[in-house]
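Containing TSV, C-alpha atoms: entry02.tsv.
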```tsv
chain	number	residue	atom	x	y	z
A	1	MET	CA	-5.87	24.93	6.94
A	2	LEU	CA	-2.57	23.07	6.89
A	3	GLY	CA	-0.66	22.19	10.01
A	4	GLU	CA	2.88	23.45	10.56
A	5	PHE	CA	4.60	20.22	9.55
A	6	GLU	CA	2.26	19.76	6.61
A	7	TYR	CA	3.25	23.21	5.38
A	8	LEU	CA	6.95	22.43	5.78
A	9	LEU	CA	6.52	19.22	3.80
A	10	ILE	CA	4.50	20.83	1.01
A	11	SER	CA	6.98	23.70	0.75
A	12	ALA	CA	9.96	21.32	0.61
A	13	ALA	CA	8.25	19.19	-2.04
A	14	ALA	CA	7.37	22.28	-4.08
A	15	ARG	CA	10.95	23.56	-3.88
A	16	LEU	CA	12.40	20.19	-4.93
A	17	GLY	CA	10.02	19.93	-7.89
A	18	ASP	CA	10.70	16.82	-9.97
A	19	GLN	CA	13.31	15.65	-7.48
A	20	ALA	CA	10.86	15.46	-4.59
A	21	TYR	CA	10.81	12.07	-2.88
A	22	GLY	CA	10.95	10.82	0.72
A	23	ALA	CA	14.67	11.09	1.52
A	24	ALA	CA	15.13	14.38	-0.34
A	25	ILE	CA	12.16	16.01	1.37
A	26	ARG	CA	13.36	14.77	4.74
A	27	GLU	CA	16.83	16.20	4.13
A	28	GLU	CA	15.35	19.50	2.97
A	29	ILE	CA	13.17	19.81	6.07
A	30	GLU	CA	16.02	18.90	8.43
A	31	ALA	CA	18.32	21.42	6.74
A	32	THR	CA	15.66	24.13	6.98
A	33	ILE	CA	14.47	23.71	10.54
A	34	GLY	CA	17.70	22.32	11.99
A	35	ARG	CA	15.96	19.42	13.68
A	36	LYS	CA	15.61	15.72	12.99
A	37	CYS	CA	12.56	14.69	11.01
A	38	SER	CA	11.44	11.12	11.71
A	39	ILE	CA	10.58	8.86	8.84
A	40	GLY	CA	7.32	8.03	10.60
A	41	ALA	CA	6.24	11.67	10.73
A	42	LEU	CA	7.28	12.14	7.11
A	43	TYR	CA	5.41	9.22	5.61
A	44	THR	CA	2.27	9.51	7.73
A	45	THR	CA	2.08	13.19	6.75
A	46	ILE	CA	2.63	12.35	3.08
A	47	ASP	CA	-0.20	9.79	3.33
A	48	ARG	CA	-2.49	12.31	5.02
A	49	LEU	CA	-1.77	15.04	2.47
A	50	GLU	CA	-2.33	12.59	-0.37
A	51	THR	CA	-5.67	11.57	1.12
A	52	LYS	CA	-6.62	15.25	1.24
A	53	GLY	CA	-5.62	15.59	-2.41
A	54	LEU	CA	-2.81	18.05	-1.69
A	55	LEU	CA	-0.04	15.72	-2.86
A	56	LYS	CA	0.24	13.06	-5.49
A	57	THR	CA	2.68	10.18	-5.03
A	58	TRP	CA	3.84	7.37	-7.25
A	59	MET	CA	6.64	4.84	-7.22
A	60	GLY	CA	9.68	5.87	-9.20
A	61	ASP	CA	12.66	3.90	-10.43
A	62	ALA	CA	15.02	1.90	-8.25
A	63	THR	CA	18.62	3.13	-7.92
A	64	ALA	CA	21.80	1.36	-6.83
A	65	GLU	CA	22.48	4.14	-4.30
A	66	ARG	CA	19.33	3.02	-2.48
A	67	GLY	CA	20.16	-0.67	-2.54
A	68	GLY	CA	18.01	-1.21	-5.62
A	69	ARG	CA	14.88	0.12	-3.95
A	70	ALA	CA	12.36	2.42	-5.57
A	71	LYS	CA	11.68	6.02	-4.54
A	72	ARG	CA	8.24	7.28	-3.62
A	73	MET	CA	8.04	10.37	-5.77
A	74	VAL	CA	5.93	13.31	-4.61
A	75	ARG	CA	4.29	16.16	-6.47
A	76	VAL	CA	2.25	19.01	-5.03
A	77	THR	CA	-1.19	19.19	-6.65
A	78	PRO	CA	-2.85	22.51	-7.59
A	79	LYS	CA	-5.01	22.08	-4.47
A	80	GLY	CA	-1.81	21.67	-2.44
A	81	VAL	CA	-0.34	24.83	-3.95
A	82	GLN	CA	-3.49	26.71	-2.99
A	83	ALA	CA	-3.39	25.32	0.57
A	84	GLY	CA	0.28	26.36	0.84
A	85	LYS	CA	-0.57	29.91	-0.31
A	86	VAL	CA	-3.40	30.17	2.21
A	87	PHE	CA	-1.12	29.08	5.05
A	88	TYR	CA	1.67	31.40	3.96
A	89	ASP	CA	-0.68	34.39	3.67
A	90	ALA	CA	-2.13	33.65	7.10
A	91	VAL	CA	1.32	33.46	8.68
A	92	MET	CA	2.38	36.70	6.98
A	93	ARG	CA	-0.76	38.53	8.09
A	94	VAL	CA	-0.71	37.30	11.66
A	95	SER	CA	3.01	38.07	11.99
A	96	ARG	CA	2.67	41.69	10.84
A	97	GLY	CA	3.85	43.99	13.61
A	98	ALA	CA	5.46	41.25	15.67
A	99	SER	CA	8.80	42.26	17.17
A	100	TRP	CA	10.78	39.57	15.34
A	101	VAL	CA	9.47	40.54	11.91
A	102	PRO	CA	11.88	42.74	9.95
A	103	ASN	CA	10.40	46.06	8.80
A	104	ARG	CA	10.59	47.27	5.20
A	105	THR	CA	14.09	48.61	5.62
A	106	GLY	CA	15.27	45.15	6.60
A	107	SER	CA	15.86	45.64	10.33
A	108	ALA	CA	13.74	44.18	13.10
A	109	SER	CA	11.26	46.66	14.55
B	1	MET	CA	24.49	-1.66	9.71
B	2	THR	CA	25.12	-5.11	11.19
B	3	SER	CA	23.54	-8.09	9.58
B	4	VAL	CA	21.53	-8.86	12.75
B	5	THR	CA	20.11	-5.36	12.97
B	6	TRP	CA	19.47	-5.33	9.26
B	7	SER	CA	17.58	-8.62	9.55
B	8	LEU	CA	15.46	-7.08	12.33
B	9	VAL	CA	14.80	-4.02	10.18
B	10	GLU	CA	13.75	-6.27	7.30
B	11	VAL	CA	11.41	-8.23	9.57
B	12	VAL	CA	9.77	-5.11	11.03
B	13	ALA	CA	9.51	-3.60	7.55
B	14	GLN	CA	7.28	-6.51	6.56
B	15	LEU	CA	4.54	-4.67	8.47
B	16	LEU	CA	4.58	-2.01	5.75
B	17	HIS	CA	2.92	-2.27	2.37
B	18	ARG	CA	5.32	-3.52	-0.33
B	19	ASP	CA	5.71	-0.19	-2.14
B	20	GLU	CA	6.03	1.75	1.06
B	21	ARG	CA	8.56	-0.75	2.39
B	22	ASP	CA	10.69	-0.26	-0.72
B	23	ALA	CA	10.54	3.52	-0.42
B	24	VAL	CA	11.25	3.64	3.32
B	25	LEU	CA	14.12	1.15	3.29
B	26	GLY	CA	15.61	2.90	0.26
B	27	ASP	CA	15.39	6.25	2.04
B	28	LEU	CA	17.12	4.82	5.11
B	29	VAL	CA	19.91	3.31	3.00
B	30	GLU	CA	20.32	6.56	1.10
B	31	ALA	CA	20.45	8.59	4.31
B	32	ARG	CA	23.03	6.09	5.69
B	33	SER	CA	20.98	5.61	8.84
B	34	THR	CA	22.36	3.22	11.44
B	35	GLY	CA	20.64	-0.08	12.09
B	36	TRP	CA	18.99	1.07	15.29
B	37	GLN	CA	17.89	4.38	13.76
B	38	SER	CA	16.31	2.44	10.91
B	39	LEU	CA	14.65	0.00	13.27
B	40	PHE	CA	13.15	2.70	15.48
B	41	GLY	CA	12.23	4.78	12.44
B	42	ILE	CA	10.23	1.94	10.90
B	43	LEU	CA	8.67	0.99	14.23
B	44	GLY	CA	7.62	4.61	14.70
B	45	LEU	CA	6.06	4.65	11.24
B	46	VAL	CA	4.17	1.39	11.85
B	47	ILE	CA	2.87	2.62	15.22
B	48	ARG	CA	1.81	5.98	13.78
B	49	GLN	CA	0.03	4.30	10.88
B	50	ASN	CA	-1.82	1.87	13.14
B	51	VAL	CA	-2.81	4.51	15.65
B	52	GLY	CA	-3.96	6.72	12.79
B	53	LEU	CA	-6.30	4.01	11.53
B	54	TRP	CA	-8.34	4.22	14.72
B	55	LYS	CA	-9.20	7.87	14.08
B	56	SER	CA	-11.83	6.58	11.68
B	57	TRP	CA	-15.15	5.07	12.76
B	58	ARG	CA	-14.63	2.00	10.60
B	59	PRO	CA	-12.24	-0.03	12.80
B	60	TRP	CA	-14.43	0.71	15.84
B	61	LEU	CA	-17.52	-0.49	14.02
B	62	ALA	CA	-15.78	-3.63	12.75
B	63	ALA	CA	-14.21	-4.55	16.08
B	64	PHE	CA	-16.69	-3.48	18.75
B	65	GLY	CA	-19.92	-3.10	16.77
B	66	LEU	CA	-19.59	-6.33	14.84
B	67	ALA	CA	-16.82	-8.79	15.71
B	68	LEU	CA	-17.26	-8.90	19.47
B	69	PRO	CA	-21.08	-8.95	19.80
B	70	SER	CA	-21.63	-11.10	16.71
B	71	SER	CA	-19.26	-13.83	17.82
B	72	LEU	CA	-21.03	-14.04	21.18
B	73	LEU	CA	-24.48	-14.15	19.60
B	74	LEU	CA	-23.47	-16.59	16.89
B	75	MET	CA	-21.96	-18.95	19.43
B	76	GLY	CA	-25.29	-18.97	21.26
B	77	PHE	CA	-27.10	-19.56	18.00
B	78	SER	CA	-24.69	-22.39	17.09
B	79	ILE	CA	-25.49	-24.13	20.37
B	80	SER	CA	-29.22	-23.60	19.83
B	81	ILE	CA	-29.00	-25.19	16.38
B	82	SER	CA	-26.95	-28.11	17.69
B	83	ARG	CA	-29.57	-28.85	20.35
B	84	THR	CA	-32.41	-28.56	17.85
B	85	TYR	CA	-30.51	-30.92	15.57
B	86	GLN	CA	-30.22	-33.44	18.39
B	87	GLN	CA	-33.96	-33.23	19.06
B	88	VAL	CA	-35.19	-33.22	15.48
B	89	VAL	CA	-32.78	-35.05	13.21
B	90	GLY	CA	-30.87	-37.24	15.66
B	91	PRO	CA	-33.79	-39.53	16.58
B	92	THR	CA	-34.85	-39.75	12.97
B	93	ILE	CA	-31.50	-41.08	11.90
B	94	LEU	CA	-31.22	-43.37	14.88
B	95	LYS	CA	-34.58	-44.92	14.15
B	96	ALA	CA	-33.48	-45.45	10.55
B	97	ILE	CA	-36.97	-44.91	9.23
B	98	GLY	CA	-36.09	-43.36	5.92
B	99	LEU	CA	-36.94	-39.72	5.20
B	100	THR	CA	-39.29	-39.14	8.11
B	101	VAL	CA	-38.29	-35.99	9.94
B	102	GLY	CA	-39.33	-34.44	13.19
B	103	PRO	CA	-41.81	-31.52	13.32
B	104	GLY	CA	-39.14	-28.90	13.84
B	105	PHE	CA	-37.15	-29.79	10.75
B	106	SER	CA	-38.17	-26.75	8.69
B	107	LEU	CA	-37.30	-24.46	11.56
B	108	LEU	CA	-33.95	-26.18	11.89
B	109	LEU	CA	-33.30	-25.72	8.19
B	110	CYS	CA	-34.24	-22.02	8.47
B	111	ASN	CA	-31.89	-21.63	11.40
B	112	VAL	CA	-29.00	-23.35	9.64
B	113	LEU	CA	-29.44	-21.06	6.64
B	114	LEU	CA	-29.65	-18.08	8.97
B	115	LEU	CA	-26.49	-19.10	10.79
B	116	ILE	CA	-24.60	-19.41	7.52
B	117	SER	CA	-25.98	-16.11	6.18
B	118	TRP	CA	-25.41	-14.15	9.36
B	119	SER	CA	-21.91	-15.54	9.78
B	120	TRP	CA	-20.93	-14.90	6.18
B	121	THR	CA	-22.33	-11.35	6.02
B	122	GLY	CA	-20.83	-10.48	9.41
B	123	GLY	CA	-17.45	-11.79	8.29
B	124	PHE	CA	-17.72	-10.04	4.95
B	125	VAL	CA	-18.50	-6.65	6.50
B	126	MET	CA	-15.78	-7.16	9.11
B	127	GLY	CA	-13.25	-7.84	6.36
B	128	SER	CA	-14.34	-5.08	4.04
B	129	VAL	CA	-15.13	-2.24	6.42
B	130	SER	CA	-11.65	-1.98	7.87
B	131	ARG	CA	-9.13	-4.18	6.13
B	132	ARG	CA	-6.00	-3.06	7.91
B	133	THR	CA	-7.43	-3.65	11.37
B	134	VAL	CA	-9.01	-6.97	10.53
B	135	TRP	CA	-6.53	-8.75	12.82
B	136	VAL	CA	-7.86	-6.76	15.79
B	137	SER	CA	-11.43	-7.62	14.82
B	138	ALA	CA	-10.46	-11.27	14.43
B	139	ALA	CA	-8.82	-11.28	17.85
B	140	LEU	CA	-11.96	-9.75	19.37
B	141	SER	CA	-14.00	-12.52	17.74
B	142	PHE	CA	-11.77	-15.28	19.05
B	143	LEU	CA	-11.53	-14.02	22.63
B	144	PRO	CA	-15.19	-14.82	23.46
B	145	CYS	CA	-14.74	-18.17	21.70
B	146	LEU	CA	-11.84	-19.09	23.96
B	147	PHE	CA	-13.78	-17.90	27.01
B	148	CYS	CA	-16.85	-19.96	26.12
B	149	LEU	CA	-14.86	-23.04	25.09
B	150	GLU	CA	-13.21	-23.00	28.49
B	151	ARG	CA	-16.55	-22.84	30.31
B	152	PHE	CA	-18.58	-25.14	28.08
B	153	ARG	CA	-20.55	-27.61	30.25
B	154	ILE	CA	-23.10	-29.46	28.06
B	155	ASP	CA	-22.26	-33.15	28.17
B	156	SER	CA	-24.40	-34.17	25.23
B	157	LEU	CA	-22.74	-31.68	22.87
B	158	SER	CA	-19.21	-31.36	21.63
B	159	ARG	CA	-17.43	-28.09	22.37
B	160	LEU	CA	-16.95	-27.67	18.66
B	161	CYS	CA	-20.70	-26.98	18.38
B	162	LEU	CA	-19.91	-23.51	19.70
B	163	LEU	CA	-17.85	-22.82	16.62
B	164	LEU	CA	-20.32	-23.85	13.90
B	165	PHE	CA	-20.45	-20.24	12.75
B	166	LEU	CA	-16.71	-19.99	12.17
B	167	PRO	CA	-16.29	-21.61	8.71
B	168	PRO	CA	-18.83	-19.32	6.95
B	169	ALA	CA	-17.56	-16.33	8.95
B	170	ILE	CA	-13.94	-16.96	7.94
B	171	TRP	CA	-15.05	-17.42	4.34
B	172	GLY	CA	-16.91	-14.10	4.59
B	173	VAL	CA	-13.84	-12.30	5.97
B	174	TYR	CA	-11.74	-13.73	3.16
B	175	GLN	CA	-14.26	-12.57	0.57
B	176	GLY	CA	-14.59	-9.16	2.22
B	177	LEU	CA	-10.85	-8.63	2.11
B	178	ARG	CA	-10.73	-9.63	-1.54
B	179	ILE	CA	-13.71	-7.92	-3.12
B	180	ALA	CA	-14.81	-5.26	-0.59
B	181	GLN	CA	-18.37	-5.03	-1.87
B	182	ILE	CA	-20.92	-7.16	-3.69
B	183	LYS	CA	-23.37	-6.32	-6.44
B	184	LEU	CA	-26.48	-4.39	-5.42
B	185	SER	CA	-28.82	-7.12	-6.66
B	186	SER	CA	-26.96	-9.83	-4.73
B	187	ALA	CA	-26.87	-7.66	-1.62
B	188	ILE	CA	-30.62	-7.02	-1.78
B	189	ILE	CA	-31.41	-10.72	-2.29
B	190	LEU	CA	-29.16	-11.65	0.63
B	191	ALA	CA	-30.64	-9.01	2.95
B	192	LEU	CA	-34.21	-9.93	2.03
B	193	ALA	CA	-33.48	-13.63	2.48
B	194	ILE	CA	-32.03	-13.02	5.93
B	195	THR	CA	-34.98	-10.85	6.93
B	196	VAL	CA	-37.46	-13.47	5.68
B	197	LEU	CA	-35.60	-16.23	7.51
B	198	THR	CA	-35.95	-14.31	10.77
B	199	ILE	CA	-39.77	-14.15	10.38
B	200	PRO	CA	-40.39	-17.45	12.25
B	201	ALA	CA	-38.80	-15.84	15.30
B	202	TRP	CA	-41.24	-12.89	15.12
B	203	SER	CA	-44.17	-15.04	16.22
B	204	SER	CA	-42.49	-15.98	19.49
B	205	SER	CA	-41.49	-13.55	22.18
B	206	GLY	CA	-38.33	-13.85	20.20
B	207	PRO	CA	-34.95	-12.32	20.44
B	208	TRP	CA	-35.51	-9.08	18.52
B	209	ILE	CA	-32.32	-7.35	19.48
B	210	PRO	CA	-30.01	-10.28	18.66
B	211	ASN	CA	-31.85	-10.72	15.35
B	212	TRP	CA	-31.23	-7.17	14.29
B	213	ALA	CA	-27.75	-7.11	15.75
B	214	LEU	CA	-26.92	-9.96	13.40
B	215	SER	CA	-29.00	-8.79	10.44
B	216	TRP	CA	-27.73	-5.23	10.06
B	217	PRO	CA	-24.52	-6.24	8.22
B	218	ALA	CA	-26.67	-7.57	5.37
B	219	TRP	CA	-28.45	-4.20	5.02
B	220	TYR	CA	-25.11	-2.43	5.40
B	221	LEU	CA	-23.94	-4.39	2.36
B	222	VAL	CA	-26.99	-3.09	0.47
B	223	ALA	CA	-26.17	0.48	1.47
B	224	MET	CA	-22.53	0.05	0.44
B	225	ALA	CA	-23.48	-1.56	-2.87
B	226	ARG	CA	-25.47	1.59	-3.69
B	227	ARG	CA	-22.22	3.57	-3.54
B	228	PRO	CA	-20.20	1.88	-6.28
B	229	GLY	CA	-16.43	2.11	-6.06
B	230	LYS	CA	-16.36	3.83	-2.68
B	231	ASN	CA	-14.62	0.93	-0.93
B	232	ALA	CA	-12.99	-0.68	-3.91
B	233	ALA	CA	-11.27	2.55	-4.93
B	234	LEU	CA	-9.05	2.43	-1.90
B	235	GLY	CA	-6.05	0.19	-1.91
B	236	ARG	CA	-5.00	-2.08	0.91
B	237	HIS	CA	-3.75	0.91	2.83
B	238	GLY	CA	-6.58	3.22	1.98
B	239	ARG	CA	-4.54	5.10	-0.56
B	240	PRO	CA	-3.91	4.35	-4.21
B	241	VAL	CA	-0.23	4.03	-5.15
B	242	GLU	CA	0.75	4.05	-8.82
B	243	ARG	CA	3.93	2.79	-10.41
B	244	ALA	CA	3.76	5.21	-13.30
B	245	SER	CA	4.37	8.81	-14.03
B	246	CYS	CA	2.09	11.39	-12.46
B	247	ARG	CA	-0.92	12.40	-14.51
B	248	GLU	CA	-1.02	15.76	-16.22
B	249	ASP	CA	-3.73	17.05	-13.90
B	250	CYS	CA	-1.28	16.97	-10.98
B	251	LYS	CA	1.09	19.39	-12.58
B	252	GLU	CA	1.22	22.79	-11.07
```

Could I get this file's structure written as structure tokens?
Amino acid sequence: MLGEFEYLLISAAARLGDQAYGAAIREEIEATIGRKCSIGALYTTIDRLETKGLLKTWMGDATAERGGRAKRMVRVTPKGVQAGKVFYDAVMRVSRGASWVPNRTGSAS
Amino acid sequence: MTSVTWSLVEVVAQLLHRDERDAVLGDLVEARSTGWQSLFGILGLVIRQNVGLWKSWRPWLAAFGLALPSSLLLMGFSISISRTYQQVVGPTILKAIGLTVGPGFSLLLCNVLLLISWSWTGGFVMGSVSRRTVWVSAALSFLPCLFCLERFRIDSLSRLCLLLFLPPAIWGVYQGLRIAQIKLSSAIILALAITVLTIPAWSSSGPWIPNWALSWPAWYLVAMARRPGKNAALGRHGRPVERASCREDCKE
């Protein structure tokens, strides 16, 4: 099963779709969790997920905004989508009944 | 970002693979990170990557199972060959009596071939089994060399005799880094040749453990050659990076 940060990264990449690359994913994660995400954690996790076959990366085009440097584009593979679903389902199941989980009417139980 | 800090960032970024360096530096520029943030970010990435490499068995095998013991054993073997050379070939040349050779000449020839083969295969496996940690393996090979060079006390031999194994070993490392694995037929011939060359030592009370400690890389090459593409499929950083659009099979 995925780790917490791996899930965050896969989810961010999936949400960004064709615009998923290092800086964008990092920004998305930081905006979501409200904490800094180090570039080391980001790229080592991308490498690990790619080795597991959950992500696919390739070098995109260079842009002036980036000082003429290329982006490392990221796409979630079908295996990655499946791993994300498994993690999400597990979190939903294990959270059921916890005090911080809103009930069906929308208020916390 | 000051030019000094930027220069430092550029220098540290050299530790990353070219594509990754481009992506990381571009991300830092895009995120408008400060010089120090960029520097520590890249240092953190390099440290994480290098620590991560040691989670695999390969660097441990290359460094502690091969580089360190093999360099010690091969130094001993280099000295042994140098002394045999002095006893067998030296007098022959000094007497200037043509092609007459001493009785141990064939054994000397066997040992020279063995030294070259053991050194080359050891270097090749060291280079191919864990490319990114090859500098650690190399350092672990050189440390015993420095130690022994410092304490070398045989007047009739040059200290350089200790390092006879180095040229073929360095050539092997270079080849291992370049081609990762050799053809199955070549690997089998090499392994058989090494095993046959060790036969003269079997008759004596001979050094069995050192023999096999130095011979296993040749049989490892045979085993690896039976798994085509396993090593070669991985890039320098153990992951393939394409500069092209993603294939259709990656689409969700």

| remark: note - atom CA of Phe64 of chain B and atom CA of Arg159 of chain B are separated by 24.9 Å

| task | Compute the set of chain A residues within 8 Å of chain B, using only C-alpha atoms, and express it as a list in words. | result |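 Contact residues on the first chain: Gly22, Ala23, Ser38, Ile39, Gly40, Ala41, Tyr43, Thr44, Asp47, Glu50, Thr51, Lys56, Thr57, Trp58, Met59, Gly60, Glu65, Arg66, Gly67, Gly68, Arg69, Ala70, Lys71, Arg72, Arg75, Val76, Thr77, Pro78 and Val81 of chain A.
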
| task | Rank nothing, just name the residue among B:Leu66, B:Val51, B:Leu74, B:Leu15 nearest to Ile116 of chain B, using all atoms listed in the file. | result | B:Leu74

| query | Neighbours of segment 15-19 of chain A within 9 Å (all atoms listed in the file; same-chain residues fewer than 3 positions away dropped), as number ranges by chain? | reply | A: 10-12, 24-25, 28, 73-76

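The residue set within 12 Å of Tyr88 of chain A, counting all atoms listed in the file and dropping same-chain residues fewer than 5 places from it, reads A:Met1, A:Leu2, A:Gly3, A:Glu4, A:Glu6, A:Tyr7, A:Leu8, A:Ile10, A:Ser11, A:Val81, A:Gln82, A:Ala83, A:Arg93, A:Val94, A:Ser95.
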
| When you draw a straight line from atom CA of Pro217 of chain B to atom CA of Gly123 of chain B, how long is it in Å? | 9.0 Å

| request: Work out how far apart atom CA of Arg226 of chain B and atom CA of Gln181 of chain B are and give it in Å to one decimal. | output: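 Rounded to one decimal, the two atoms are 9.9 Å apart.
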
| message | Given all atoms listed in the file as the basis, pick out the residue of B:Ile170, B:Leu197, B:Val129, B:Ala67 nearest to Asn111 of chain B. | response |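 Nearest to Asn111 of chain B: B:Leu197.
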
| query | For Leu42 of chain A, which residue among A:Met92, A:Phe87, A:Tyr21, A:Ala62 is the nearest when counting only C-alpha atoms? | reply |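 Ranked by minimum distance to Leu42 of chain A, first place goes to A:Tyr21.
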
| Do you know which residues are at most 10 Å from Ile179 of chain B counting all atoms listed in the file, after dropping those on the same chain fewer than 2 positions away, and could you put them as number ranges by chain? | B: 124, 127-128, 174-177, 181-182, 231-232
